[in-house]
file my_file-v3.txt (compact mmCIF, C-alpha atoms)
# COMPACT_ATOMS: atom_id res chain seq x y z
CA LEU A 1 0.44 -11.74 19.93
CA ARG A 2 3.73 -10.33 18.71
CA VAL A 3 6.45 -12.38 17.07
CA SER A 4 8.83 -11.55 19.87
CA GLU A 5 6.31 -12.79 22.40
CA VAL A 6 5.88 -16.00 20.49
CA LEU A 7 9.63 -16.43 20.36
CA VAL A 8 9.89 -15.95 24.06
CA ARG A 9 6.95 -18.17 24.90
CA ASN A 10 8.08 -20.97 22.63
CA TYR A 11 11.53 -20.72 24.04
CA PHE A 12 10.18 -20.58 27.54
CA LEU A 13 8.23 -23.77 27.03
CA ALA A 14 11.07 -25.61 25.30
CA CYS A 15 13.55 -24.50 27.90
CA GLY A 16 11.28 -25.39 30.79
CA ALA A 17 10.88 -28.93 29.48
CA ILE A 18 14.60 -29.39 28.99
CA CYS A 19 15.41 -27.95 32.37
CA VAL A 20 13.15 -30.50 34.01
CA ILE A 21 15.16 -33.24 32.34
CA ALA A 22 18.42 -31.56 33.25
CA ALA A 23 17.42 -31.20 36.88
CA ALA A 24 16.16 -34.76 37.10
CA ALA A 25 19.38 -36.08 35.67
CA GLY A 26 21.42 -33.82 37.90
CA SER A 27 23.32 -32.44 34.93
CA VAL A 28 23.40 -29.22 32.93
CA VAL A 29 22.48 -29.13 29.25
CA LEU A 30 22.88 -26.44 26.63
CA PHE A 31 19.80 -25.23 24.84
CA PRO A 32 20.32 -25.15 21.11
CA VAL A 33 18.96 -21.98 19.52
CA THR A 34 17.85 -24.05 16.54
CA ARG A 35 15.05 -25.50 18.62
CA ILE A 36 13.17 -22.23 18.35
CA HIS A 37 10.58 -21.91 15.62
CA ALA A 38 8.72 -18.65 15.43
CA ALA A 39 8.06 -18.53 11.71
CA LYS A 40 4.70 -20.27 11.80
CA VAL A 41 2.81 -17.23 13.01
CA ASN A 42 3.83 -15.42 9.81
CA GLU A 43 3.24 -18.30 7.44
CA PRO A 44 0.35 -18.43 4.96
CA ALA A 45 -2.85 -20.12 6.14
CA TYR A 46 -5.96 -21.05 4.20
CA THR A 47 -9.56 -22.03 4.74
CA SER A 48 -10.77 -25.47 3.68
CA SER A 49 -12.25 -23.88 0.54
CA GLY A 50 -8.87 -22.44 -0.46
CA ASP A 51 -9.33 -18.83 0.58
CA MET A 52 -6.37 -17.25 2.33
CA LEU A 53 -6.61 -15.99 5.89
CA PRO A 54 -5.64 -12.33 6.29
CA PRO A 55 -2.02 -12.05 7.42
CA ALA A 56 -2.33 -10.86 11.01
CA ASN A 57 -0.08 -8.03 12.03
CA TYR A 58 1.50 -7.36 8.63
CA ARG A 59 2.02 -3.72 9.62
CA GLU A 60 4.72 -5.00 11.98
CA TRP A 61 6.44 -6.98 9.21
CA VAL A 62 9.40 -5.59 7.31
CA TYR A 63 8.59 -2.64 5.09
CA LEU A 64 9.88 -2.81 1.53
CA SER A 65 8.72 0.33 -0.25
CA THR A 66 5.92 2.68 -1.25
CA GLY A 67 4.74 3.97 -4.59
CA LEU A 68 2.28 6.73 -5.39
CA GLY A 69 0.04 6.36 -8.43
CA MET A 70 2.33 3.79 -10.02
CA SER A 71 1.03 2.60 -13.37
CA TYR A 72 2.31 0.21 -15.98
CA THR A 73 0.60 2.21 -18.71
CA ALA A 74 1.35 5.81 -19.69
CA LYS A 75 -2.05 7.03 -18.53
CA PRO A 76 -1.81 8.62 -15.08
CA ALA A 77 -4.22 7.38 -12.42
CA ASP A 78 -7.28 9.60 -11.98
CA ALA A 79 -7.05 9.44 -8.20
CA PRO A 80 -3.59 8.13 -7.30
CA ASN A 81 -3.23 6.02 -4.18
CA PHE A 82 -0.22 5.03 -2.17
CA ASP A 83 0.87 1.37 -2.25
CA ASN A 84 2.88 0.09 0.72
CA VAL A 85 4.59 -3.30 0.54
CA PHE A 86 5.46 -5.47 3.54
CA VAL A 87 7.05 -8.92 3.75
CA ASN A 88 7.18 -11.46 6.56
CA PRO A 89 10.44 -11.06 8.52
CA GLU A 90 11.56 -14.66 7.98
CA ALA A 91 11.45 -14.23 4.20
CA TYR A 92 13.19 -10.84 4.43
CA HIS A 93 16.09 -12.23 6.43
CA SER A 94 16.38 -15.14 4.03
CA PHE A 95 16.53 -12.66 1.13
CA LEU A 96 19.29 -10.69 2.83
CA ALA A 97 21.33 -13.89 3.04
CA THR A 98 20.54 -15.39 -0.37
CA GLY A 99 19.20 -12.69 -2.70
CA THR A 100 16.01 -14.61 -3.35
CA TRP A 101 12.78 -15.70 -1.70
CA PRO A 102 12.25 -18.83 0.37
CA ASP A 103 9.15 -21.01 0.44
CA LYS A 104 6.36 -19.40 2.57
CA THR A 105 7.24 -15.87 1.53
CA VAL A 106 4.23 -13.59 2.05
CA MET A 107 4.18 -10.11 0.55
CA VAL A 108 1.36 -7.73 1.37
CA LEU A 109 0.46 -4.83 -0.92
CA GLU A 110 -1.60 -2.30 1.02
CA GLY A 111 -3.31 0.56 -0.79
CA ARG A 112 -3.77 3.78 1.17
CA GLU A 113 -5.66 6.91 0.24
CA ALA A 114 -3.46 9.87 -0.69
CA ARG A 115 -4.34 13.17 0.93
CA SER A 116 -2.86 16.57 0.23
CA ASN A 117 -4.46 19.27 2.35
CA GLY A 118 -4.61 18.22 5.96
CA SER A 119 -3.24 19.51 9.22
CA ILE A 120 -0.30 21.76 8.33
CA ASN A 121 0.42 20.03 5.03
CA GLN A 122 -0.21 22.18 1.98
CA SER A 123 1.57 20.49 -0.89
CA GLY A 124 2.53 16.97 -1.92
CA HIS A 125 0.78 13.92 -0.48
CA PHE A 126 0.52 11.99 2.78
CA GLN A 127 -1.32 8.79 3.68
CA GLY A 128 -4.79 8.91 5.17
CA THR A 129 -6.43 6.31 7.37
CA GLY A 130 -8.47 4.81 4.53
CA ILE A 131 -7.28 1.50 3.12
CA THR A 132 -8.07 1.22 -0.59
CA GLY A 133 -7.19 -2.44 -1.01
CA VAL A 134 -5.08 -5.34 0.17
CA GLU A 135 -3.43 -7.93 -2.06
CA VAL A 136 -1.10 -10.74 -1.10
CA HIS A 137 1.56 -12.42 -3.20
CA VAL A 138 2.50 -15.72 -1.60
CA LYS A 139 5.09 -18.35 -2.38
CA ASP A 140 3.82 -21.74 -1.36
CA GLU A 141 5.69 -24.22 -3.47
CA GLY A 142 3.72 -27.33 -2.64
CA ARG A 143 0.37 -25.64 -3.14
CA PHE A 144 0.45 -23.56 -6.32
CA PRO A 145 1.50 -24.36 -9.87
CA GLY A 146 4.35 -21.94 -10.56
CA LYS A 147 4.91 -21.81 -6.78
CA TRP A 148 3.39 -18.31 -6.39
CA ALA A 149 -0.19 -17.05 -6.09
CA PHE A 150 -2.03 -13.75 -5.71
CA PHE A 151 -4.95 -13.23 -3.35
CA ASP A 152 -7.31 -10.28 -3.26
CA PHE A 153 -8.72 -9.25 0.13
CA GLY A 154 -11.96 -7.34 0.45
CA PRO A 155 -12.60 -5.37 3.65
CA GLY A 156 -12.78 -7.77 6.60
CA ALA A 157 -12.87 -10.81 4.31
CA ASN A 158 -10.61 -13.74 3.56
CA GLY A 159 -8.50 -13.56 0.41
CA LYS A 160 -9.85 -14.84 -2.89
CA LEU A 161 -7.38 -16.58 -5.18
CA ILE A 162 -6.71 -14.65 -8.37
CA PRO A 163 -6.79 -17.27 -11.17
CA GLN A 164 -3.42 -18.35 -12.51
CA ALA A 165 -4.46 -17.21 -15.99
CA ALA A 166 -4.65 -13.56 -14.86
CA SER A 167 -2.20 -11.09 -16.37
CA CYS A 168 -0.49 -10.36 -13.04
CA TYR A 169 1.12 -13.81 -13.12
CA THR A 170 2.58 -13.42 -16.62
CA CYS A 171 3.65 -9.83 -15.97
CA HIS A 172 5.47 -10.76 -12.76
CA ALA A 173 7.10 -13.73 -14.48
CA GLU A 174 8.22 -11.64 -17.46
CA HIS A 175 9.34 -8.50 -15.66
CA GLY A 176 10.04 -9.33 -12.01
CA ALA A 177 13.66 -8.63 -11.08
CA VAL A 178 13.86 -11.66 -8.79
CA ASP A 179 11.72 -14.80 -8.89
CA ASN A 180 8.38 -13.30 -10.03
CA THR A 181 8.65 -10.28 -7.72
CA PHE A 182 9.26 -6.60 -8.44
CA VAL A 183 12.46 -6.29 -6.45
CA GLN A 184 13.37 -3.44 -8.82
CA PHE A 185 10.95 -1.32 -6.77
CA TYR A 186 12.36 -2.34 -3.35
CA PRO A 187 15.40 -0.16 -2.77
CA THR A 188 16.96 -2.11 0.10
CA LEU A 189 16.72 -5.42 -1.77
CA LEU A 190 17.77 -4.50 -5.32
CA PRO A 191 21.45 -4.00 -4.38
CA ILE A 192 21.46 -7.36 -2.59
CA ALA A 193 20.06 -9.17 -5.62
CA LYS A 194 22.73 -7.47 -7.79
CA ASP A 195 25.41 -8.48 -5.34
CA LYS A 196 24.21 -12.08 -5.09
CA GLY A 197 23.68 -12.41 -8.85
CA THR A 198 20.01 -13.35 -8.51
CA LEU A 199 18.51 -10.84 -10.96
CA SER A 200 16.33 -12.60 -13.53
CA ALA A 201 17.30 -12.85 -17.19
CA GLU A 202 13.97 -11.20 -18.06
CA PHE A 203 14.74 -8.17 -15.87
CA LEU A 204 18.26 -7.80 -17.23
CA LYS A 205 16.84 -7.85 -20.74
CA ASP A 206 14.33 -5.13 -19.79
CA GLU A 207 17.13 -3.04 -18.30
CA ALA A 208 19.29 -3.38 -21.40
CA ALA A 209 16.36 -2.26 -23.57
CA HIS A 210 15.73 0.71 -21.25
CA VAL A 211 19.33 1.84 -21.16
CA ALA A 212 19.89 1.73 -24.92
CA PRO A 213 17.61 4.64 -25.96
CA ALA A 214 18.89 6.91 -23.20
CA ALA A 215 22.49 6.22 -24.20
CA LYS A 216 21.93 7.42 -27.77
CA LEU B 1 21.97 -8.43 15.26
CA ARG B 2 18.19 -8.67 15.13
CA VAL B 3 15.91 -7.96 18.03
CA SER B 4 14.61 -11.47 17.97
CA GLU B 5 18.13 -12.82 18.17
CA VAL B 6 18.90 -10.59 21.11
CA LEU B 7 15.73 -11.71 22.81
CA VAL B 8 16.69 -15.31 22.31
CA ARG B 9 20.29 -14.84 23.33
CA ASN B 10 19.46 -12.85 26.44
CA TYR B 11 16.92 -15.42 27.39
CA PHE B 12 19.33 -18.19 26.60
CA LEU B 13 21.94 -16.72 28.90
CA ALA B 14 19.50 -15.98 31.70
CA CYS B 15 17.94 -19.39 31.43
CA GLY B 16 21.28 -21.14 31.27
CA ALA B 17 22.40 -19.49 34.47
CA ILE B 18 19.19 -20.34 36.28
CA CYS B 19 19.28 -23.89 35.06
CA VAL B 20 22.76 -24.35 36.49
CA ILE B 21 21.41 -23.29 39.85
CA ALA B 22 18.36 -25.47 39.44
CA ALA B 23 20.43 -28.48 38.53
CA ALA B 24 22.86 -27.91 41.38
CA ALA B 25 20.05 -27.64 43.88
CA GLY B 26 18.28 -30.62 42.37
CA SER B 27 15.06 -28.66 41.98
CA VAL B 28 13.09 -27.13 39.12
CA VAL B 29 12.43 -23.41 38.87
CA LEU B 30 10.15 -21.40 36.67
CA PHE B 31 11.70 -18.74 34.47
CA PRO B 32 9.83 -15.47 34.72
CA VAL B 33 9.31 -13.83 31.33
CA THR B 34 9.86 -10.44 32.95
CA ARG B 35 13.57 -11.20 33.17
CA ILE B 36 13.92 -10.58 29.44
CA HIS B 37 15.06 -7.13 28.29
CA ALA B 38 15.54 -6.65 24.59
CA ALA B 39 14.83 -2.95 24.28
CA LYS B 40 18.37 -1.73 24.72
CA VAL B 41 19.51 -2.55 21.19
CA ASN B 42 16.96 -0.10 19.83
CA GLU B 43 17.60 2.63 22.38
CA PRO B 44 19.32 5.91 21.53
CA ALA B 45 23.09 6.04 21.98
CA TYR B 46 25.45 9.00 21.79
CA THR B 47 29.13 9.78 21.46
CA SER B 48 30.96 11.55 24.29
CA SER B 49 30.64 14.80 22.33
CA GLY B 50 26.86 14.47 22.16
CA ASP B 51 26.43 13.26 18.59
CA MET B 52 23.91 10.48 18.11
CA LEU B 53 24.95 7.08 16.79
CA PRO B 54 23.02 5.99 13.68
CA PRO B 55 20.14 3.70 14.65
CA ALA B 56 21.25 0.32 13.37
CA ASN B 57 18.71 -1.67 11.45
CA TYR B 58 15.93 0.93 11.45
CA ARG B 59 14.61 -0.56 8.20
CA GLU B 60 13.48 -3.53 10.30
CA TRP B 61 11.67 -1.30 12.79
CA VAL B 62 7.96 -0.63 12.55
CA TYR B 63 6.91 1.41 9.53
CA LEU B 64 4.59 4.33 10.20
CA SER B 65 3.97 6.06 6.88
CA THR B 66 5.30 7.67 3.71
CA GLY B 67 4.76 11.07 2.15
CA LEU B 68 5.73 12.32 -1.28
CA GLY B 69 6.77 15.95 -1.66
CA MET B 70 5.04 16.97 1.56
CA SER B 71 5.41 20.66 2.27
CA TYR B 72 4.18 22.95 4.99
CA THR B 73 4.06 25.86 2.56
CA ALA B 74 1.88 26.15 -0.55
CA LYS B 75 4.87 26.06 -2.88
CA PRO B 76 5.34 22.55 -4.32
CA ALA B 77 8.78 20.98 -4.04
CA ASP B 78 10.89 21.36 -7.20
CA ALA B 79 12.05 17.74 -7.02
CA PRO B 80 9.75 15.91 -4.60
CA ASN B 81 11.22 13.08 -2.54
CA PHE B 82 9.59 10.31 -0.60
CA ASP B 83 9.82 10.41 3.21
CA ASN B 84 9.51 7.10 5.07
CA VAL B 85 9.06 7.06 8.84
CA PHE B 86 10.05 4.18 11.13
CA VAL B 87 9.87 3.83 14.92
CA ASN B 88 11.57 1.42 17.30
CA PRO B 89 9.25 -1.54 18.03
CA GLU B 90 9.29 -1.02 21.80
CA ALA B 91 7.92 2.52 21.40
CA TYR B 92 5.36 1.36 18.83
CA HIS B 93 3.96 -1.31 21.12
CA SER B 94 3.83 1.14 23.97
CA PHE B 95 1.89 3.56 21.75
CA LEU B 96 -0.61 0.84 20.83
CA ALA B 97 -1.26 0.31 24.53
CA THR B 98 -1.28 3.92 25.72
CA GLY B 99 -1.79 6.27 22.76
CA THR B 100 1.42 8.14 23.47
CA TRP B 101 5.20 7.77 23.34
CA PRO B 102 7.40 6.33 26.08
CA ASP B 103 10.88 7.51 27.03
CA LYS B 104 13.54 6.28 24.54
CA THR B 105 11.23 6.58 21.53
CA VAL B 106 13.31 6.85 18.36
CA MET B 107 11.67 7.90 15.10
CA VAL B 108 13.65 7.82 11.86
CA LEU B 109 12.69 9.96 8.87
CA GLU B 110 14.33 8.56 5.76
CA GLY B 111 14.28 10.53 2.50
CA ARG B 112 14.29 8.48 -0.71
CA GLU B 113 14.58 9.63 -4.29
CA ALA B 114 11.35 9.47 -6.29
CA ARG B 115 11.60 7.90 -9.74
CA SER B 116 8.92 7.69 -12.39
CA ASN B 117 10.17 5.94 -15.52
CA GLY B 118 11.92 2.73 -14.62
CA SER B 119 11.42 -0.93 -15.42
CA ILE B 120 7.79 -1.31 -16.47
CA ASN B 121 6.58 1.73 -14.55
CA GLN B 122 5.36 4.58 -16.74
CA SER B 123 3.37 6.86 -14.49
CA GLY B 124 3.33 7.88 -10.86
CA HIS B 125 6.37 7.44 -8.62
CA PHE B 126 8.36 4.69 -6.94
CA GLN B 127 11.35 4.79 -4.61
CA GLY B 128 14.88 4.52 -5.94
CA THR B 129 17.94 3.28 -4.10
CA GLY B 130 19.22 6.78 -3.35
CA ILE B 131 18.79 8.05 0.19
CA THR B 132 18.29 11.82 0.23
CA GLY B 133 18.59 12.31 3.98
CA VAL B 134 18.09 10.82 7.42
CA GLU B 135 16.74 12.64 10.45
CA VAL B 136 15.95 11.26 13.88
CA HIS B 137 13.43 12.54 16.41
CA VAL B 138 14.25 11.08 19.79
CA LYS B 139 12.57 11.23 23.18
CA ASP B 140 15.18 11.05 25.91
CA GLU B 141 13.61 12.67 28.92
CA GLY B 142 16.66 12.89 31.13
CA ARG B 143 18.88 14.26 28.41
CA PHE B 144 17.02 16.99 26.53
CA PRO B 145 15.12 20.07 27.71
CA GLY B 146 11.59 19.53 26.41
CA LYS B 147 12.34 15.78 26.43
CA TRP B 148 12.67 15.54 22.61
CA ALA B 149 15.50 16.32 20.21
CA PHE B 150 16.16 16.21 16.46
CA PHE B 151 19.38 14.92 14.93
CA ASP B 152 20.51 15.30 11.32
CA PHE B 153 22.56 12.46 9.83
CA GLY B 154 24.89 13.03 6.90
CA PRO B 155 25.92 10.02 4.78
CA GLY B 156 27.88 7.57 6.93
CA ALA B 157 28.17 10.08 9.78
CA ASN B 158 26.90 10.35 13.33
CA GLY B 159 23.89 12.59 13.95
CA LYS B 160 24.35 16.26 14.72
CA LEU B 161 21.97 17.77 17.25
CA ILE B 162 19.64 20.36 15.73
CA PRO B 163 19.61 23.28 18.19
CA GLN B 164 16.55 23.54 20.40
CA ALA B 165 15.86 27.03 19.02
CA ALA B 166 15.23 25.63 15.51
CA SER B 167 11.75 25.98 14.07
CA CYS B 168 11.15 22.23 13.90
CA TYR B 169 10.85 22.15 17.71
CA THR B 170 8.23 24.89 17.90
CA CYS B 171 6.32 23.54 14.88
CA HIS B 172 6.15 20.04 16.35
CA ALA B 173 5.09 21.42 19.73
CA GLU B 174 2.39 23.64 18.21
CA HIS B 175 0.98 21.23 15.61
CA GLY B 176 1.92 17.67 16.59
CA ALA B 177 -1.16 15.53 17.16
CA VAL B 178 0.45 13.63 20.04
CA ASP B 179 3.33 14.78 22.26
CA ASN B 180 5.38 16.78 19.71
CA THR B 181 4.93 14.22 16.92
CA PHE B 182 2.93 14.29 13.70
CA VAL B 183 0.72 11.32 14.47
CA GLN B 184 -1.85 12.97 12.15
CA PHE B 185 0.29 11.60 9.30
CA TYR B 186 0.57 8.04 10.70
CA PRO B 187 -2.61 6.24 9.69
CA THR B 188 -2.34 3.26 12.01
CA LEU B 189 -1.69 5.45 15.07
CA LEU B 190 -4.14 8.32 14.64
CA PRO B 191 -7.22 6.17 15.42
CA ILE B 192 -5.49 4.86 18.53
CA ALA B 193 -4.71 8.35 19.80
CA LYS B 194 -8.35 9.32 19.16
CA ASP B 195 -9.54 6.25 21.02
CA LYS B 196 -7.21 6.79 23.96
CA GLY B 197 -7.93 10.52 24.15
CA THR B 198 -4.28 11.53 23.77
CA LEU B 199 -4.66 14.04 20.92
CA SER B 200 -3.05 17.35 21.84
CA ALA B 201 -5.09 20.52 22.47
CA GLU B 202 -3.02 22.23 19.77
CA PHE B 203 -3.93 19.62 17.17
CA LEU B 204 -7.62 19.68 18.06
CA LYS B 205 -7.57 23.47 17.67
CA ASP B 206 -5.93 23.09 14.23
CA GLU B 207 -8.55 20.55 13.22
CA ALA B 208 -11.42 22.77 14.31
CA ALA B 209 -9.96 25.65 12.26
CA HIS B 210 -9.62 23.37 9.23
CA VAL B 211 -13.11 21.97 9.46
CA ALA B 212 -14.87 25.31 9.78
CA PRO B 213 -14.19 26.69 6.27
CA ALA B 214 -15.06 23.41 4.55
CA ALA B 215 -18.37 23.21 6.43
CA LYS B 216 -19.53 26.59 5.14

call {"tool": "encode", "arguments": {"input": "my_file-v3.txt", "output": "structure tokens"}}
result
Amino acid sequence: LRVSEVLVRNYFLACGAICVIAAAAGSVVLFPVTRIHAAKVNEPAYTSSGDMLPPANYREWVYLSTGLGMSYTAKPADAPNFDNVFVNPEAYHSFLATGTWPDKTVMVLEGREARSNGSINQSGHFQGTGITGVEVHVKDEGRFPGKWAFFDFGPGANGKLIPQAASCYTCHAEHGAVDNTFVQFYPTLLPIAKDKGTLSAEFLKDEAAHVAPAAK
Amino acid sequence: LRVSEVLVRNYFLACGAICVIAAAAGSVVLFPVTRIHAAKVNEPAYTSSGDMLPPANYREWVYLSTGLGMSYTAKPADAPNFDNVFVNPEAYHSFLATGTWPDKTVMVLEGREARSNGSINQSGHFQGTGITGVEVHVKDEGRFPGKWAFFDFGPGANGKLIPQAASCYTCHAEHGAVDNTFVQFYPTLLPIAKDKGTLSAEFLKDEAAHVAPAAK
């Protein structure tokens, strides 16, 4: 089921109900657009044991960026993979308007195998069909201490919560450009955060430290 | 204007009009979902001189894949860029159902600068804010001989038609996995084309030639 279909169906149902009332009363009513709620299909959902359900259809969410062999240490990856990042459209549109993330933001990090020789390609890298991993970073304010959590998804499995003591939480908090997220690697969002003044103090400090040596 | 908003607005207008009739007649009507047409906002549009208008909002279309420094010759790129590919959602959903592209398919190839040292990243590559180029591959059956055309977009400019004699047309025709397009580089679509039996004879010939040496 696509988001657009849900929108239409929800609207169809809401409108049908109102029209019945309108017809019965013999009058015409306007249908407020605010009655439509489509976000729920893209919101985080969990099992009773606290695992996260795989976000359905994330490949149709809004694409943020891709890295190849990105590493936070100087050692290059032995077999670099691509990482694609997607976010639920509701959170993306909220970011465009505000420069930061709303509650129920869901970001999916999808690892893809990097191939080089294939079809007519002879140099550089393209993405193969193999998925090398899926991780989710979710903002669910009422559920997690610190508001955010990471989940690791094995093939065909629900997501397992990565404990809050793991280094990814501190690293995102200390270096994320906006609210625990690496907006510095999302080229369509970084200018918006700059414009809205939502860049974190931690990120600005990192940037100042980076710029200084190069300016010597 | 987002697709979802257009969907809602179109439906709103259509429904409003029908409800007026329903109310006037004192009866209730059902609102067929087939009355809704949202595709037009993502369809190709041209100036009177034949230039193509930039596809608005393509970053919210469906993402297909990314390459880094891909080259169809053995010589590596001096300064490799990322290439991100997006397609209009209507065409994507049609492909999921049929394994091939409908009329009015619009694919956008966006070049992005590749950066390596930035923020906490020390190895591999991520995408910077700089756009290195935008090209569109569009299927408009009634407009172009061969049904497809390429347009090159300079910064802030309309797209210029790449002449049909250019090598990109013959290369796509001779090596594209599905209907003049490089579906072999789009990992979510290649399995669908295989499943639906829509892989081109040219691509299957290429694959057979590739497999033979490796199998020796």

call {"tool": "atom_distance", "arguments": {"input": "my_file-v3.txt", "atom1": "CA of Thr129 (chain B)", "atom2": "CA of Ala56 (chain A)"}}
result
29.0 Å

call {"tool": "closest_residue", "arguments": {"input": "my_file-v3.txt", "among": "A:Glu207, A:Asp140, A:Glu202, A:Asp195", "to": "Tyr46 (chain A)", "atoms": "all atoms listed in the file"}}
result
A:Asp140

call {"tool": "interface_residues", "arguments": {"input": "my_file-v3.txt", "of": "chain B", "to": "chain A", "cutoff": "6 Å", "atoms": "all atoms listed in the file", "output": "list in words"}}
result
Ala23, Gly26, Glu60, Val62, Gly67, Leu68, Gly69, Met70, Ser71, Tyr72, Thr73, Ala74, Pro76, Ile120, Asn121, Gln122, Ser123, Gly124, His125, Phe126, Gly128, Thr129 and Pro187 of chain B

call {"tool": "atom_distance", "arguments": {"input": "my_file-v3.txt", "atom1": "CA of Asn158 (chain B)", "atom2": "CA of Ala91 (chain B)"}}
result
22.1 Å

call {"tool": "closest_residue", "arguments": {"input": "my_file-v3.txt", "among": "A:Thr170, A:Thr181, A:Thr98, A:Thr47", "to": "Gly197 (chain A)", "atoms": "all atoms listed in the file"}}
result
A:Thr98

call {"tool": "residues_around", "arguments": {"input": "my_file-v3.txt", "residues": "Asp103 (chain B)", "least_positions_apart": "6", "cutoff": "9 Å", "atoms": "all atoms listed in the file", "output": "PyMOL selection string"}}
result
chain B and resi 91+138-142+147

call {"tool": "atom_distance", "arguments": {"input": "my_file-v3.txt", "atom1": "CA of His172 (chain B)", "atom2": "CA of Ile192 (chain B)"}}
result
19.3 Å

call {"tool": "residues_around", "arguments": {"input": "my_file-v3.txt", "residues": "Thr198 (chain A)", "least_positions_apart": "5", "cutoff": "7 Å", "atoms": "all atoms listed in the file", "output": "ChimeraX atom specification"}}
result
/A:99-100,178,193

call {"tool": "closest_residue", "arguments": {"input": "my_file-v3.txt", "among": "B:Ala173, B:Ala149, B:Leu161, B:Ala208", "to": "Ser49 (chain B)", "atoms": "all atoms listed in the file"}}
result
B:Leu161

call {"tool": "closest_residue", "arguments": {"input": "my_file-v3.txt", "among": "B:Ala157, B:Ala97, B:Ala79, B:Ile162", "to": "His137 (chain B)", "atoms": "all atoms listed in the file"}}
result
B:Ile162

call {"tool": "residues_near_point", "arguments": {"input": "my_file-v3.txt", "point": "(15.6, 2.2, 21.5)", "cutoff": "7 Å", "atoms": "all atoms listed in the file", "output": "ChimeraX atom specification"}}
result
/B:39-44,88,104-106
